[in-house]
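Shown next, in structure tokens, is the structure this report addresses.
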Amino acid sequence: MSAGLSAAKTRTALRAAARVSGELLLILVMLAVTLWVLGQMWPVVWPLVVGLLLTTLTWPPARFLRRHGWPPALAAAVVTVAFLLVVLGIVALIAVPMSSETDELTHGVVEGIQRLREWAAGPPLNIGDDQISGAVDSAVARVQDSVGTITTAVATGVGSVVNGLVTAVLGVFLMFFFLKDGPRFLPWLTRQLPGRLATDVPVVALRGWETLGAFVRSQALVGLIDAVFIGLGLWILGVPLVLPLAVLTFVSAFVPIVGALFAGFVAVLIALVSNGLTDALIVLAIIVVVQQLEGNVFQPIIQSRGLGLHAAVILLAVTLGGSLSGIVGSLLAVPLAALIAVVWNYVREQLADPPREGRARGRLSGGGRRPAVDAGVSARPARIRSRRGGR
């Protein structure tokens, strides 16, 4: 016969479940309000995030100069100017060789289109010039009918580009100020916070800063792996502009999804107009394989070691961030997950019971059971002493 449920235990369990559910609801409401506030402040938050990421990239040389006696403002200014020169050099390294090959690339595009028309005119398609002209006329008519939509899309794209430039400029200015005044931030923050927050918040901020640095370094390593393997494949196939394409692949690795697609499209296009369809398909296969290895093997492993996150957590974070906020979400998903892990680990450290040596000694001295061997060894002298006392 099965025992019946206890009314008192059932009420206690229901009350505990209700209390936990209410606390979880309050936490979710707080998170929702926090995300809403961040969304309203996004024009300020996004340049701040960009500035922090750039600072993690440029802080090592600034720290080197400061340790060798340079004034903070001068070290920050020199590093900022050097960073801008490096960016301009990368742009020149990509743009100048491509502009010098413009005539050849244009001729290759025209020749490729002509070959495509000749192939379409032959078997098995047998598409004539009249059909091609009709398709072109219909496409032009559709474009004319969609002028309003195209104009809106172009205006949106221009606005996005302008916002991106403004964000980049603000990020560079913030990087300069972070390089100049960054080491004074934590002491200032300690003086501003009351009680225990003066200790907890600076520690979490310092750990978060180290985590962001690990993220940027791991992303640079992933981009270098992509650039080396893809550049090696292009060099073996004899595709022109190998060095600019490798540099473009490295730079685009810092922009998830879109960066890889753009760099791959440029590489395949140049291979198509210079080497032909076969080499273009081979380049496409190389890029797909390298990107799959990078996204599913190299990046999770490298970032999991640098950030202390499991590879599966990184994959899920990138997927969730991309589905929620697109490109920006994919870019911020991994560092945000790492920062959440930093906060969680610190909270666990503070809530965990510290090891007490006295309690362990108490268990060994009599508060708990001893091993049988130890008990036998320690009991022997007691029996000997009792016998001697009896004599």
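Going by the structure tokens order, chains are called A, B, ..., each with residues numbered from 1, while ligands are numbered from 1 in the order shown.
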Inset, instruction - Tell me, as an NGL selection string, which residues lie within 7 Å of region 229-231 of chain A, counting only C-alpha atoms; anything in the same chain fewer than 4 positions away does not count. - result: :A and (225 or 235 or 242 or 246 or 286-287)
Legend entry - Closest of A:Leu53, A:Ala263, A:Ala214, A:Leu189 to Ala338 (chain A) - atom-to-atom distances counting only C-alpha atoms: A:Ala214
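The residue set within 6 Å of region 69-86 of chain A, counting only C-alpha atoms and dropping same-chain residues fewer than 4 places from it, reads Ala62, Leu65, Phe176, Leu179 and Lys180 of chain A.
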Print the selection's residues with N, CA and C atoms to a file, as a CSV table (one decimal), in the first residue's frame.
chain,number,residue,atom,x,y,z
A,62,ALA,N,50.9,51.0,-25.8
A,62,ALA,CA,50.7,52.1,-24.9
A,62,ALA,C,51.3,51.8,-23.5
A,65,LEU,N,55.1,52.0,-23.7
A,65,LEU,CA,55.6,53.3,-23.6
A,65,LEU,C,55.5,54.0,-22.3
A,176,PHE,N,41.6,56.9,-27.5
A,176,PHE,CA,42.6,57.8,-27.0
A,176,PHE,C,42.5,58.1,-25.6
A,179,LEU,N,43.2,55.1,-23.4
A,179,LEU,CA,44.7,54.8,-23.3
A,179,LEU,C,45.4,55.8,-22.4
A,180,LYS,N,44.9,57.1,-22.4
A,180,LYS,CA,45.5,58.1,-21.6
A,180,LYS,C,45.1,58.0,-20.1
Inset, instruction - Have a look at A:Arg63, A:Gln350, A:Leu221, A:Val247 and name the one nearest to Gly89 (chain A); count only C-alpha atoms. - result: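 Counting only C-alpha atoms, the residue closest to Gly89 (chain A) is A:Val247.
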Inset, instruction - Name the closest residue to Leu206 (chain A) among the candidates A:Phe254, A:Phe177, A:Trp42, A:Tyr346; distances are taken between atoms, counting only C-alpha atoms. - result: A:Tyr346
